[in-house]
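J.: So I've got this file, coords_37.csv, and it contains CSV, C-alpha atoms and all ligand atoms:
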chain,number,residue,atom,x,y,z
Q,1,MET,CA,-11.6,-17.6,-19.1
Q,2,ARG,CA,-11.1,-14.0,-20.1
Q,3,ASN,CA,-9.9,-13.3,-23.6
Q,4,PRO,CA,-6.4,-11.9,-23.1
Q,5,ARG,CA,-6.9,-9.7,-26.2
Q,6,ASP,CA,-9.7,-7.9,-24.4
Q,7,PHE,CA,-7.8,-7.3,-21.2
Q,8,LEU,CA,-6.7,-3.8,-22.2
Q,9,LYS,CA,-10.0,-2.8,-23.9
Q,10,PRO,CA,-12.5,-0.6,-21.9
Q,11,LEU,CA,-15.2,-2.6,-20.2
Q,12,ALA,CA,-17.9,-0.1,-21.2
Q,13,ILE,CA,-18.5,1.9,-24.4
Q,14,GLY,CA,-17.0,5.3,-23.9
Q,15,ALA,CA,-14.9,4.5,-20.9
Q,16,PRO,CA,-11.2,5.4,-21.0
Q,17,LEU,CA,-8.6,2.8,-22.0
Q,18,PRO,CA,-7.4,0.7,-19.0
Q,19,PRO,CA,-3.8,1.5,-18.0
Q,20,ARG,CA,-1.1,-0.6,-19.5
Q,21,GLU,CA,1.4,0.0,-16.7
Q,22,VAL,CA,1.1,1.1,-13.1
Q,23,VAL,CA,2.8,4.5,-12.9
Q,24,VAL,CA,5.3,4.2,-10.0
Q,25,LYS,CA,5.3,7.3,-7.9
Q,26,PRO,CA,6.6,7.9,-4.4
Q,27,SER,CA,4.1,6.4,-2.1
Q,28,ARG,CA,6.0,5.9,1.1
Q,29,MET,CA,3.0,6.7,3.2
Q,30,ILE,CA,-0.7,6.6,2.5
Q,31,HIS,CA,-1.9,9.1,5.1
Q,32,PHE,CA,-5.4,8.4,6.3
Q,33,PHE,CA,-7.7,11.3,7.3
Q,34,ASP,CA,-11.4,11.5,8.2
Q,35,PRO,CA,-13.0,13.7,5.6
Q,36,GLY,CA,-16.2,14.1,7.7
Q,37,ASN,CA,-14.1,16.1,10.3
Q,38,GLU,CA,-14.2,19.8,9.4
Q,39,ARG,CA,-11.0,20.6,11.3
Q,40,MET,CA,-9.2,17.8,9.4
Q,41,ARG,CA,-10.5,19.1,6.1
Q,42,ALA,CA,-9.1,22.5,6.9
Q,43,ARG,CA,-5.7,21.0,7.4
Q,44,VAL,CA,-5.6,19.0,4.2
Q,45,PRO,CA,-3.5,21.4,2.1
Q,46,GLU,CA,-0.9,21.5,4.9
Q,47,MET,CA,-1.0,17.6,5.3
Q,48,ALA,CA,-0.6,17.3,1.5
Q,49,GLN,CA,2.8,19.0,1.6
Q,50,GLN,CA,4.1,16.4,4.1
Q,51,VAL,CA,2.9,13.1,2.5
Q,52,ASP,CA,3.1,11.2,-0.7
Q,53,VAL,CA,-0.5,10.0,-0.7
Q,54,LEU,CA,-3.6,11.4,1.2
Q,55,LEU,CA,-6.5,9.0,1.6
Q,56,GLY,CA,-10.0,10.1,2.6
Q,57,ASN,CA,-11.3,7.2,4.7
Q,58,LEU,CA,-14.9,6.2,4.4
Q,59,GLU,CA,-14.8,2.7,5.9
Q,60,ASP,CA,-13.9,1.4,9.3
Q,61,ALA,CA,-13.2,4.1,12.0
Q,62,VAL,CA,-16.0,6.2,10.4
Q,63,ALA,CA,-19.1,5.5,12.5
Q,64,ALA,CA,-22.2,4.3,10.7
Q,65,ASP,CA,-24.1,7.5,11.4
Q,66,ARG,CA,-21.2,9.6,10.0
Q,67,LYS,CA,-20.7,7.8,6.6
Q,68,LEU,CA,-22.6,10.4,4.5
Q,69,GLU,CA,-20.9,13.3,6.1
Q,70,ALA,CA,-17.5,11.6,5.4
Q,71,ARG,CA,-18.5,11.1,1.7
Q,72,ALA,CA,-19.7,14.7,1.3
Q,73,GLY,CA,-16.5,16.0,3.0
Q,74,LEU,CA,-14.3,14.0,0.7
Q,75,ILE,CA,-16.1,15.4,-2.3
Q,76,GLU,CA,-15.5,18.9,-0.9
Q,77,VAL,CA,-11.8,18.2,-0.4
Q,78,ALA,CA,-11.5,16.6,-3.9
Q,79,THR,CA,-13.2,19.5,-5.7
Q,80,SER,CA,-11.7,22.5,-3.7
Q,81,ALA,CA,-8.5,21.7,-1.9
Q,82,ASP,CA,-5.0,22.4,-3.4
Q,83,LEU,CA,-3.0,19.2,-2.9
Q,84,GLY,CA,-0.1,20.1,-5.2
Q,85,ASP,CA,1.3,16.9,-6.7
Q,86,THR,CA,0.1,14.7,-3.8
Q,87,SER,CA,-2.2,11.9,-4.9
Q,88,LEU,CA,-5.7,11.8,-3.5
Q,89,TRP,CA,-7.1,8.3,-2.8
Q,90,THR,CA,-10.1,7.0,-0.9
Q,91,ARG,CA,-11.0,3.9,1.0
Q,92,ILE,CA,-14.6,3.1,0.1
Q,93,ASN,CA,-16.9,0.8,2.1
Q,94,SER,CA,-17.0,-2.9,1.4
Q,95,LEU,CA,-19.0,-4.4,-1.4
Q,96,ASP,CA,-21.6,-5.9,0.9
Q,97,SER,CA,-22.2,-2.7,2.9
Q,98,PRO,CA,-25.1,-0.3,2.6
Q,99,TRP,CA,-22.8,2.5,1.5
Q,100,PHE,CA,-20.7,0.9,-1.3
Q,101,LEU,CA,-22.9,1.7,-4.2
Q,102,ASP,CA,-23.4,5.3,-3.4
Q,103,ASP,CA,-19.8,5.7,-2.4
Q,104,VAL,CA,-18.8,4.7,-5.9
Q,105,THR,CA,-21.5,6.4,-7.9
Q,106,GLU,CA,-21.3,9.7,-6.1
Q,107,LEU,CA,-17.5,9.9,-5.9
Q,108,VAL,CA,-17.1,9.1,-9.6
Q,109,ALA,CA,-19.8,11.6,-10.6
Q,110,ALA,CA,-18.5,14.4,-8.4
Q,111,ALA,CA,-14.8,13.8,-8.1
Q,112,GLY,CA,-13.8,11.0,-10.5
Q,113,ASN,CA,-11.2,13.1,-12.2
Q,114,ARG,CA,-9.5,14.0,-8.9
Q,115,ILE,CA,-9.5,10.7,-6.9
Q,116,GLU,CA,-6.7,8.5,-8.4
Q,117,VAL,CA,-7.2,5.3,-6.5
Q,118,PHE,CA,-10.2,3.6,-4.9
Q,119,MET,CA,-9.1,1.3,-2.1
Q,120,LEU,CA,-11.5,-1.6,-1.8
Q,121,PRO,CA,-11.6,-3.4,1.6
Q,122,LYS,CA,-12.2,-7.0,2.5
Q,123,VAL,CA,-11.5,-8.3,-1.0
Q,124,GLN,CA,-12.2,-12.1,-1.1
Q,125,GLY,CA,-11.2,-13.0,-4.7
Q,126,PRO,CA,-10.9,-11.7,-8.3
Q,127,TRP,CA,-14.7,-11.5,-8.6
Q,128,ASP,CA,-14.8,-8.5,-6.2
Q,129,ILE,CA,-12.3,-6.6,-8.3
Q,130,GLU,CA,-14.1,-7.6,-11.6
Q,131,PHE,CA,-17.3,-6.2,-10.2
Q,132,LEU,CA,-15.8,-2.8,-9.2
Q,133,ASP,CA,-13.9,-2.8,-12.5
Q,134,GLN,CA,-17.1,-3.1,-14.5
Q,135,LEU,CA,-19.0,-0.5,-12.4
Q,136,LEU,CA,-16.2,2.0,-12.7
Q,137,ALA,CA,-16.1,1.6,-16.4
Q,138,LEU,CA,-19.8,2.3,-16.7
Q,139,LEU,CA,-19.6,5.3,-14.5
Q,140,GLU,CA,-16.4,6.7,-16.2
Q,141,ALA,CA,-18.3,6.4,-19.5
Q,142,LYS,CA,-21.3,8.1,-18.1
Q,143,HIS,CA,-19.3,11.0,-16.7
Q,144,HIS,CA,-16.9,11.3,-19.6
Q,145,LEU,CA,-13.8,10.7,-17.5
Q,146,GLU,CA,-10.5,10.8,-19.5
Q,147,ARG,CA,-8.4,8.7,-17.3
Q,148,PRO,CA,-9.3,5.4,-15.6
Q,149,ILE,CA,-9.6,5.2,-11.8
Q,150,LEU,CA,-7.3,2.7,-10.3
Q,151,ILE,CA,-8.1,-0.1,-7.7
Q,152,HIS,CA,-6.1,-0.9,-4.6
Q,153,ALA,CA,-7.2,-4.0,-2.7
Q,154,ILE,CA,-6.8,-4.6,1.0
Q,155,LEU,CA,-5.7,-8.1,1.9
Q,156,GLU,CA,-7.6,-8.8,5.1
Q,157,THR,CA,-9.5,-12.0,4.8
Q,158,ALA,CA,-8.4,-15.6,4.9
Q,159,LEU,CA,-10.0,-16.2,1.5
Q,160,GLY,CA,-8.3,-13.1,0.1
Q,161,VAL,CA,-4.9,-14.5,1.1
Q,162,VAL,CA,-5.7,-17.8,-0.5
Q,163,ASN,CA,-6.7,-15.9,-3.7
Q,164,VAL,CA,-4.1,-13.1,-3.5
Q,165,ALA,CA,-2.4,-13.9,-6.9
Q,166,GLU,CA,-5.7,-13.9,-8.7
Q,167,ILE,CA,-6.7,-10.7,-7.0
Q,168,ALA,CA,-3.5,-9.0,-8.1
Q,169,ALA,CA,-4.0,-10.1,-11.7
Q,170,ALA,CA,-7.8,-9.5,-11.8
Q,171,SER,CA,-7.8,-6.2,-13.8
Q,172,PRO,CA,-5.3,-3.8,-15.5
Q,173,ARG,CA,-6.8,-1.2,-13.0
Q,174,MET,CA,-5.1,-2.9,-10.1
Q,175,GLN,CA,-2.5,-0.5,-8.7
Q,176,GLY,CA,-1.5,-2.3,-5.5
Q,177,ILE,CA,-2.5,-4.3,-2.4
Q,178,SER,CA,-2.2,-3.3,1.3
Q,179,PHE,CA,-1.9,-5.8,4.1
Q,180,GLY,CA,-4.7,-5.3,6.6
Q,181,PRO,CA,-3.7,-7.1,9.8
Q,182,ALA,CA,-6.7,-6.3,12.0
Q,183,ASP,CA,-9.5,-7.7,9.8
Q,184,LEU,CA,-7.2,-10.5,8.7
Q,185,ALA,CA,-6.5,-11.5,12.3
Q,186,ALA,CA,-10.3,-11.6,13.0
Q,187,SER,CA,-11.0,-13.5,9.7
Q,188,ARG,CA,-8.4,-16.1,10.5
Q,189,ARG,CA,-9.4,-16.4,14.2
Q,190,MET,CA,-5.9,-15.4,15.2
Q,191,LYS,CA,-5.7,-14.8,19.0
Q,192,THR,CA,-4.3,-11.2,18.9
Q,193,THR,CA,-6.1,-7.9,19.6
Q,194,ARG,CA,-3.2,-5.9,18.2
Q,195,VAL,CA,-3.2,-4.0,14.8
Q,196,GLY,CA,0.0,-5.3,13.1
Q,197,GLY,CA,3.3,-5.8,14.9
Q,198,GLY,CA,4.5,-8.7,16.9
Q,199,HIS,CA,3.1,-10.7,19.7
Q,200,PRO,CA,5.0,-11.8,22.8
Q,201,GLY,CA,3.4,-15.2,22.8
Q,202,TYR,CA,4.5,-16.1,19.2
Q,203,VAL,CA,7.9,-17.4,20.0
Q,204,VAL,CA,10.3,-20.3,19.3
Q,205,ARG,CA,12.1,-21.6,22.4
Q,206,ALA,CA,15.7,-22.8,22.4
Q,207,ASP,CA,16.4,-26.5,23.0
Q,208,PRO,CA,17.2,-27.6,26.6
Q,209,VAL,CA,20.9,-27.6,27.4
Q,210,ALA,CA,22.2,-31.2,27.5
Q,211,ASP,CA,22.4,-32.5,31.1
Q,212,GLN,CA,21.1,-29.1,32.5
Q,213,PRO,CA,17.3,-29.5,32.7
Q,214,GLU,CA,17.1,-26.4,35.0
Q,215,ALA,CA,19.2,-24.1,32.7
Q,216,PRO,CA,17.1,-21.2,31.3
Q,217,ARG,CA,16.1,-21.6,27.7
Q,218,GLY,CA,15.8,-18.4,25.7
Q,219,THR,CA,13.0,-17.5,23.3
Q,220,ALA,CA,12.9,-15.5,20.1
Q,221,GLN,CA,9.8,-13.7,19.1
Q,222,GLN,CA,8.8,-14.6,15.5
Q,223,ASP,CA,7.0,-12.5,12.9
Q,224,LEU,CA,3.3,-13.4,12.8
Q,225,TRP,CA,2.9,-11.7,9.4
Q,226,HIS,CA,5.9,-12.9,7.4
Q,227,TYR,CA,4.0,-15.5,5.4
Q,228,THR,CA,1.2,-13.1,4.4
Q,229,LEU,CA,3.5,-10.3,3.5
Q,230,ALA,CA,5.8,-12.5,1.4
Q,231,ARG,CA,2.8,-13.9,-0.5
Q,232,MET,CA,1.5,-10.4,-1.1
Q,233,VAL,CA,4.8,-9.1,-2.3
Q,234,ASP,CA,5.2,-12.0,-4.8
Q,235,ALA,CA,1.6,-11.7,-6.0
Q,236,CYS,CA,2.1,-7.9,-6.6
Q,237,ASN,CA,5.5,-8.0,-8.2
Q,238,ALA,CA,4.5,-11.0,-10.4
Q,239,VAL,CA,2.1,-8.6,-12.2
Q,240,GLY,CA,3.8,-5.2,-11.8
Q,241,ILE,CA,1.6,-3.7,-9.1
Q,242,LEU,CA,2.7,-2.3,-5.7
Q,243,PRO,CA,2.7,-4.0,-2.3
Q,244,PHE,CA,2.1,-2.0,1.0
Q,245,TYR,CA,2.2,-2.7,4.7
Q,246,GLY,CA,-1.1,-1.4,6.1
Q,247,PRO,CA,-1.8,0.0,9.5
Q,248,PHE,CA,0.3,-0.2,12.7
Q,249,GLY,CA,-2.1,0.5,15.5
Q,250,ASP,CA,0.1,1.1,18.5
Q,251,ILE,CA,0.8,4.8,17.8
Q,252,ALA,CA,2.9,5.1,21.0
Q,253,ASP,CA,5.2,2.2,20.0
Q,254,VAL,CA,7.4,4.2,17.6
Q,255,GLN,CA,10.2,1.7,17.6
Q,256,GLY,CA,7.9,-1.3,17.0
Q,257,CYS,CA,6.3,0.6,14.1
Q,258,GLU,CA,9.6,1.5,12.6
Q,259,ASP,CA,10.9,-2.1,12.8
Q,260,GLN,CA,7.7,-3.5,11.3
Q,261,PHE,CA,7.7,-1.0,8.4
Q,262,ARG,CA,11.4,-1.6,7.8
Q,263,SER,CA,11.0,-5.4,7.6
Q,264,ALA,CA,8.2,-4.8,5.1
Q,265,PHE,CA,10.4,-2.4,3.1
Q,266,ILE,CA,13.3,-4.8,3.0
Q,267,LEU,CA,10.9,-7.6,1.9
Q,268,GLY,CA,9.7,-5.5,-1.1
Q,269,CYS,CA,6.9,-3.2,0.1
Q,270,VAL,CA,7.0,0.3,-1.2
Q,271,GLY,CA,5.1,2.1,1.6
Q,272,ALA,CA,2.7,1.8,4.6
Q,273,TRP,CA,-0.3,3.5,6.0
Q,274,SER,CA,0.1,6.4,8.4
Q,275,LEU,CA,-2.7,6.7,10.9
Q,276,HIS,CA,-1.2,9.5,13.0
Q,277,PRO,CA,1.1,12.4,12.1
Q,278,SER,CA,4.0,10.8,14.1
Q,279,GLN,CA,4.0,7.8,11.6
Q,280,ILE,CA,4.6,10.1,8.6
Q,281,ALA,CA,8.2,10.7,9.6
Q,282,ILE,CA,8.7,7.0,10.4
Q,283,ALA,CA,7.4,6.0,6.9
Q,284,LYS,CA,9.5,8.7,5.2
Q,285,ARG,CA,12.6,7.4,7.0
Q,286,VAL,CA,12.0,3.8,6.4
Q,287,PHE,CA,10.7,3.7,2.8
Q,288,SER,CA,13.4,6.0,1.4
Q,289,PRO,CA,16.4,3.7,0.8
Q,290,PRO,CA,19.2,4.6,3.2
Q,291,PRO,CA,21.8,7.0,1.6
Q,292,ALA,CA,24.7,4.7,2.5
Q,293,GLU,CA,23.1,1.8,0.7
Q,294,VAL,CA,22.2,4.0,-2.3
Q,295,ALA,CA,25.9,5.2,-2.4
Q,296,PHE,CA,27.1,1.5,-2.4
Q,297,ALA,CA,24.5,0.6,-5.1
Q,298,LYS,CA,25.8,3.5,-7.3
Q,299,ARG,CA,29.3,2.2,-6.8
Q,300,ILE,CA,28.2,-1.3,-8.0
Q,301,MET,CA,26.5,0.2,-11.0
Q,302,ASP,CA,29.6,2.3,-11.9
Q,303,ALA,CA,31.9,-0.6,-11.4
Q,304,MET,CA,29.7,-2.9,-13.6
Q,305,GLY,CA,29.5,-0.6,-16.6
Q,306,GLU,CA,26.7,-1.9,-18.8
Q,307,GLY,CA,25.7,-4.5,-16.2
Q,308,SER,CA,27.3,-7.8,-17.2
Q,309,GLY,CA,30.3,-9.7,-16.0
Q,310,VAL,CA,31.8,-9.9,-12.5
Q,311,VAL,CA,33.8,-7.5,-10.3
Q,312,MET,CA,34.8,-7.4,-6.6
Q,313,LEU,CA,33.9,-4.4,-4.5
Q,314,ASP,CA,35.1,-4.3,-0.8
Q,315,GLY,CA,35.5,-8.1,-0.9
Q,316,LYS,CA,31.9,-8.6,-2.2
Q,317,MET,CA,31.2,-10.3,-5.5
Q,318,GLN,CA,29.1,-8.3,-8.0
Q,319,ASP,CA,27.6,-9.7,-11.1
Q,320,ASP,CA,24.6,-9.2,-13.4
Q,321,ALA,CA,22.2,-10.0,-10.6
Q,322,THR,CA,23.7,-7.7,-8.1
Q,323,TYR,CA,23.7,-5.0,-10.8
Q,324,LYS,CA,19.9,-5.4,-10.9
Q,325,GLN,CA,19.6,-5.3,-7.1
Q,326,ALA,CA,21.6,-2.1,-7.1
Q,327,LYS,CA,19.4,-0.6,-9.9
Q,328,VAL,CA,16.2,-1.3,-7.8
Q,329,MET,CA,17.8,0.7,-5.0
Q,330,VAL,CA,19.0,3.6,-7.2
Q,331,ASP,CA,15.8,3.9,-9.2
Q,332,VAL,CA,13.7,4.1,-6.0
Q,333,ALA,CA,16.1,6.7,-4.6
Q,334,GLN,CA,16.0,8.8,-7.8
Q,335,MET,CA,12.2,8.7,-7.8
Q,336,ILE,CA,12.1,9.8,-4.2
Q,337,ALA,CA,14.7,12.5,-4.7
Q,338,ALA,CA,12.6,14.1,-7.4
Q,339,LYS,CA,9.8,14.6,-4.9
Q,340,ASP,CA,11.7,15.2,-1.6
Q,341,PRO,CA,14.5,17.8,-1.6
Q,342,GLU,CA,15.8,16.6,1.8
Q,343,MET,CA,16.4,13.1,0.4
Q,344,LYS,CA,17.8,14.5,-2.8
Q,345,ALA,CA,20.5,16.3,-0.7
Q,346,ALA,CA,21.1,13.1,1.4
Q,347,TYR,CA,21.6,11.1,-1.8
Q,348,GLY,CA,23.8,13.7,-3.4
Q,349,PHE,CA,21.9,13.5,-6.7
Q,401,LIG,C1,-7.1,-2.6,7.9
Q,401,LIG,O1,-8.1,-2.2,7.4
Q,401,LIG,C2,-7.1,-3.7,8.8
Q,401,LIG,O2,-8.1,-4.3,9.0
Q,401,LIG,O3,-6.0,-4.0,9.4
Q,402,MG,MG,-9.7,-3.5,7.8
Would you mind writing the structure in this file as structure tokens?
Ligand code: GLV
Ligand code: MG

T.:
Amino acid sequence: MRNPRDFLKPLAIGAPLPPREVVVKPSRMIHFFDPGNERMRARVPEMAQQVDVLLGNLEDAVAADRKLEARAGLIEVATSADLGDTSLWTRINSLDSPWFLDDVTELVAAAGNRIEVFMLPKVQGPWDIEFLDQLLALLEAKHHLERPILIHAILETALGVVNVAEIAAASPRMQGISFGPADLAASRRMKTTRVGGGHPGYVVRADPVADQPEAPRGTAQQDLWHYTLARMVDACNAVGILPFYGPFGDIADVQGCEDQFRSAFILGCVGAWSLHPSQIAIAKRVFSPPPAEVAFAKRIMDAMGEGSGVVMLDGKMQDDATYKQAKVMVDVAQMIAAKDPEMKAAYGF
């Protein structure tokens, strides 16, 4: 058992105070780039103007013989590039890899005041978060950092899904969790080679028509990921951290990506990863509440005054609970409008 009175105390003498609340900022897309690639590094300031979060990836997709180049490239970006108000995150290598320790020690030493969030892959349980939490506290103290680095877990192992609520609550540094369908599929021995999205074999078939055994029976494709996403959204919101859809690997399937991101948004996710520039616009469109819905939400709030009682709007009942639903929508829209002039105009704020 951890003493709840100690939860918000630094884990090392001289480390900054752990955060009390997660600061909610627009994070519609976490845009992945390879910091070992010089051409990509040169484009970072331009990319930063188009996205909410830029993430220098050190883990999967960076070949083993390019890991050190990627780490050095990220340090160069963090210490020299002008990112405006765009957040810089990194995905470090997993705890059991040969690169984890130097990823953390070198990044905190050289760029701990620039990198806001460390994304930790293949998290199995709260013990993984606690380990990184302690290590970060020691390094923050050593390098005199003034603000704590936050942790974002990837939910991509079967054991991680079993433990997701404990992972979300493991440390006040927890900022959010992303769903990682590729590693998760492998860990669960699912029979799909896709990265996110649906599968044509995962269907429910309609019943046979009575007395017509030959009549065709339609099928409806089901969502492979609903259970996992819903658990993740609850685990995150239960403790005030943010849930994200992760990668959608079929870059050419723009519609499939948009549908998958939108389902995640409606279910409660605040953003998704963009792996290709074409996915930035999709995430922007999907994770900004639709202007018509925001306008209706504003009408609900206006009609409900201080938020209690009951009124009818266009034949729909509104009460204290729908006022709260409307407030979620308007608060997100206002936050996005403050960052994105195009959406500000669309909302008429
Ligand atoms: C992401 O890291 C995934 O494995 O899907
Ligand atoms: Mg993965």

J.: Please write out the residues within 8 Å of ligand MG 402 (chain Q) as an mmCIF file with C-alpha atoms, in the coordinates of the input, counting all atoms listed in the file.

T.:
data_model
loop_
_atom_site.group_PDB
_atom_site.id
_atom_site.type_symbol
_atom_site.label_atom_id
_atom_site.label_comp_id
_atom_site.auth_asym_id
_atom_site.auth_seq_id
_atom_site.Cartn_x
_atom_site.Cartn_y
_atom_site.Cartn_z
ATOM 1 C CA ASP Q 60 -13.900 1.400 9.300
ATOM 2 C CA PRO Q 121 -11.600 -3.400 1.600
ATOM 3 C CA LYS Q 122 -12.200 -7.000 2.500
ATOM 4 C CA ILE Q 154 -6.800 -4.600 1.000
ATOM 5 C CA GLU Q 156 -7.600 -8.800 5.100
ATOM 6 C CA GLY Q 180 -4.700 -5.300 6.600
ATOM 7 C CA PRO Q 181 -3.700 -7.100 9.800
ATOM 8 C CA ALA Q 182 -6.700 -6.300 12.000
ATOM 9 C CA ASP Q 183 -9.500 -7.700 9.800
ATOM 10 C CA LEU Q 184 -7.200 -10.500 8.700
#

J.: Atom CA of Q:Phe32 and atom CA of Q:Ser274 are how many Å apart?

T.: 6.2 Å

J.: With distances taken over all atoms listed in the file, which of Q:Glu140, Q:Trp89, Q:Val203, Q:Ala283 is nearest to Q:Gly218?

T.: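 Checking each of Q:Glu140, Q:Trp89, Q:Val203, Q:Ala283 against Q:Gly218, counting all atoms listed in the file, the winner is Q:Val203.
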
J.: Enumerate as number ranges by chain the residues within 12 Å of ligand LIG 401 (chain Q), counting all atoms listed in the file.

T.: Q: 32, 57-62, 91-94, 119-123, 153-157, 177-188, 193-197, 225, 244-249, 272-275

J.: Counting all atoms listed in the file, which of Q:Val270, Q:Val117, Q:Val108, Q:Ile241 gets nearest to Q:Val22?

T.: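 Checking each candidate against Q:Val22, we get Q:Ile241 as the closest.
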